[in-house]
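To start, the structure itself, in structure tokens.
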Number of protein chains: 2
Amino acid sequence: MAMSANVPTDARFSFSGLVERGGGSDIHRDGWGIAFYRGRGVQEFRDPEPSVNSRVAALVKAQPIKSTVVISHIRQANVGEVCLENTHPFVRELWGRYWVFAHNGQLRGVRRQLPLGRFKPVGSTDSEWAFCWLLGQLESAFERWPRSPRKLGTFIADCARQLDQLGVANFLLSDGRALYAHCSTRLHWLTRRAPFGKARLKDVELVVDFSRETTPNDVVSVIATEPLTVDERWTQMAPGSSAMALAGAVSSLD
Amino acid sequence: MAMSANVPTDARFSFSGLVERGGGSDIHRDGWGIAFYRGRGVQEFRDPEPSVNSRVAALVKAQPIKSTVVISHIRQANVGEVCLENTHPFVRELWGRYWVFAHNGQLRGVRRQLPLGRFKPVGSTDSEWAFCWLLGQLESAFERWPRSPRKLGTFIADCARQLDQLGVANFLLSDGRALYAHCSTRLHWLTRRAPFGKARLKDVELVVDFSRETTPNDVVSVIATEPLTVDERWTQMAPGSSAMALAGAVSSLD
């Protein structure tokens, strides 16, 4: 799950739905993590415990953290054991920016097919390997942080198509400015803007009236594997497509 | 404050004393952070709020997280504004290991005197700049992660002496295996081992009987600017000296 907004926004509502999937309403029980960009910094919470049982997740649900970009992930381990270093999202610094990455899917032959630059995985997942490869690709393609989020996004979408050759590469990536999303198989997004209404979570009894939580100028987009709410219109991304969210607004990168 | 132990150990007792200094018994009120190594992974909690008021700090105090290396820091801002990206400890990956760094003191002229390699600061502190410089020095000195913690430590101590030329460089650094400490002006350490006794915190009413919390083989060292307890014998490090803690045991690097 990820969020992009034009003003610092509380992501607790969406996160509350997501954590239910961590051993509650779903099979994803092998750890979870969430990264909030605040300014140029990143505030992270992660736990190798299932999110429904996690006291850290309970804290995140209880505490309003306002952020313009959030990336969260609940893991169903397939490659790599259940441990902290294999818990998404992964974070690295490039060009004096923190980059955050979360992946759903399985990639085959990453060690053979994806040569690394200077970024090396700490854990044993195909996901972290792919993230390190992607940052290496970015570093060799651009001398410094590109001013244009779209230029960066087009390059990331090219890399994503290479990852698609190795398996399933649904991923979310951010440099704190834009949120980049690639859909190999399943990814949905939704933009909330005025006039705001109510929304009901799918996985847990919780309704939020966004008109009471927002100002008329707020624009907030949420991207998730499956729709998180039952009464809003989510857009399903086409397999093989990439998109970018900047200040809450989603645009295609294809 | 940092801890090194030969078995995963709960650092809450020492952390409880430290957080009182974040706006409670001390002037360090400009954010705080703590990083726990668990396996090769790092679990971080950080907050730009003063630690005495922080709900995240309350969670860390309430929850047992067992770790072999912990680095924690409470900031009194002098260079760089109070914000998340300027909050210690800083984390970077090098050679497939996470490195964690916290610094007390002020360094002058880092931008002129400390040329960076590929690691770039995200925030605006002299501390993060020095950390990025140090990692760049390590990367150019060694092709891969040195097998010998002492070899690495000797090199780090050399770098620390260069930092001493720029001001005050009390710092704590770890790669998850060893804990490296450098004392420019003030740093104290203490090793707890069998027979374990009781200890009373200096900053808050809290007594722990370590004989009930440990096994006879446990060895745990704590390093902090000022002694955290009143009834144990802390060793003051000499200005300009460096030390290393490996599996709880402290040795000099001079």
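Chains: A, B, ... in order of the structure tokens. Residues: from 1 per chain. Ligands: from 1, in order shown.
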- Among range 3-37 of chain A, which ones does DSSP place in strand (DSSP E or B), written as a list in words?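 The strand (DSSP E or B) subset of range 3-37 of chain A is Met3, Ser4, Ala5, Asn6, Val7, Pro8, Thr9, Asp10, Trp32, Gly33, Ile34, Ala35, Phe36 and Tyr37 of chain A.
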Only C-alpha atoms, please: the residues just picked out, written as a PDB file, in the first residue's frame.
```
ATOM      1  CA  MET A   3      -0.104   7.038  -0.450  1.00  0.00           C
ATOM      2  CA  SER A   4       0.805  10.284  -2.178  1.00  0.00           C
ATOM      3  CA  ALA A   5      -0.712  13.606  -1.114  1.00  0.00           C
ATOM      4  CA  ASN A   6      -0.303  17.309  -1.839  1.00  0.00           C
ATOM      5  CA  VAL A   7      -0.376  18.156   1.890  1.00  0.00           C
ATOM      6  CA  PRO A   8       0.868  16.085   4.840  1.00  0.00           C
ATOM      7  CA  THR A   9      -1.933  13.564   5.353  1.00  0.00           C
ATOM      8  CA  ASP A  10      -2.769  10.971   7.987  1.00  0.00           C
ATOM      9  CA  TRP A  32       5.335  -5.838   7.872  1.00  0.00           C
ATOM     10  CA  GLY A  33       6.772  -2.362   7.578  1.00  0.00           C
ATOM     11  CA  ILE A  34       5.782   1.219   6.888  1.00  0.00           C
ATOM     12  CA  ALA A  35       7.870   4.233   5.884  1.00  0.00           C
ATOM     13  CA  PHE A  36       6.599   7.817   6.210  1.00  0.00           C
ATOM     14  CA  TYR A  37       8.407  10.628   4.419  1.00  0.00           C
TER      15      TYR A  37
END
```
- Message: Residues near range 127-139 of chain B, anyone? I mean within 10 Å using only C-alpha atoms, not counting same-chain ones fewer than 6 positions away, as a PyMOL selection string.
- Response: chain B and resi 79-80+85-95+99-107+110-111+113-121+145-146+152+155-156+159-160+163+169+171+173
Near chain B, 7 Å: chain A residue rows, closest pairs, only C-alpha atoms, as JSON lines:
```
{"residue": "A:Arg38", "atom": "CA", "partner": "B:Leu84", "partner_atom": "CA", "distance": 6.7}
{"residue": "A:Arg40", "atom": "CA", "partner": "B:Glu85", "partner_atom": "CA", "distance": 5.8}
{"residue": "A:Gly41", "atom": "CA", "partner": "B:Glu85", "partner_atom": "CA", "distance": 3.9}
{"residue": "A:Val42", "atom": "CA", "partner": "B:Leu84", "partner_atom": "CA", "distance": 6.9}
{"residue": "A:Gln43", "atom": "CA", "partner": "B:Arg46", "partner_atom": "CA", "distance": 6.5}
{"residue": "A:Glu44", "atom": "CA", "partner": "B:Glu44", "partner_atom": "CA", "distance": 6.6}
{"residue": "A:Phe45", "atom": "CA", "partner": "B:Phe45", "partner_atom": "CA", "distance": 6.7}
{"residue": "A:Arg46", "atom": "CA", "partner": "B:Gln43", "partner_atom": "CA", "distance": 6.5}
{"residue": "A:Leu84", "atom": "CA", "partner": "B:Gly41", "partner_atom": "CA", "distance": 5.0}
{"residue": "A:Glu85", "atom": "CA", "partner": "B:Gly41", "partner_atom": "CA", "distance": 3.8}
{"residue": "A:Arg92", "atom": "CA", "partner": "B:Arg92", "partner_atom": "CA", "distance": 6.8}
{"residue": "A:Trp95", "atom": "CA", "partner": "B:Lys120", "partner_atom": "CA", "distance": 6.3}
{"residue": "A:Gly96", "atom": "CA", "partner": "B:Val122", "partner_atom": "CA", "distance": 4.5}
{"residue": "A:Arg97", "atom": "CA", "partner": "B:Val122", "partner_atom": "CA", "distance": 5.5}
{"residue": "A:Lys120", "atom": "CA", "partner": "B:Gly96", "partner_atom": "CA", "distance": 4.7}
{"residue": "A:Pro121", "atom": "CA", "partner": "B:Gly96", "partner_atom": "CA", "distance": 5.2}
{"residue": "A:Val122", "atom": "CA", "partner": "B:Gly96", "partner_atom": "CA", "distance": 4.5}
```
- Residue contacts of Ala245 in chain B (7 Å, only C-alpha atoms) excluding same-chain residues fewer than 3 positions away, as a PyMOL selection string: chain B and resi 4+178-180+248-251
- For the atom pair CA of Arg29 in chain A and CA of Leu166 in chain A, what is the interatomic distance in Å to one decimal place?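 CA of Leu166 in chain A lies at a distance of 24.7 Å from CA of Arg29 in chain A.
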- Message: Give me, as a PyMOL selection string, the residues of range 97-193 of chain B that a backbone DSSP run labels helix (DSSP H, G or I).
- Response: chain B and resi 110-113+126-141+149-164
- Of the listed residues A:Leu246, A:Leu172, A:Val222, A:Ile71, that which approaches Ser148 in chain A most closely, counting only C-alpha atoms: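 When distances to Ser148 in chain A are compared using only C-alpha atoms, the smallest one comes from A:Leu246.
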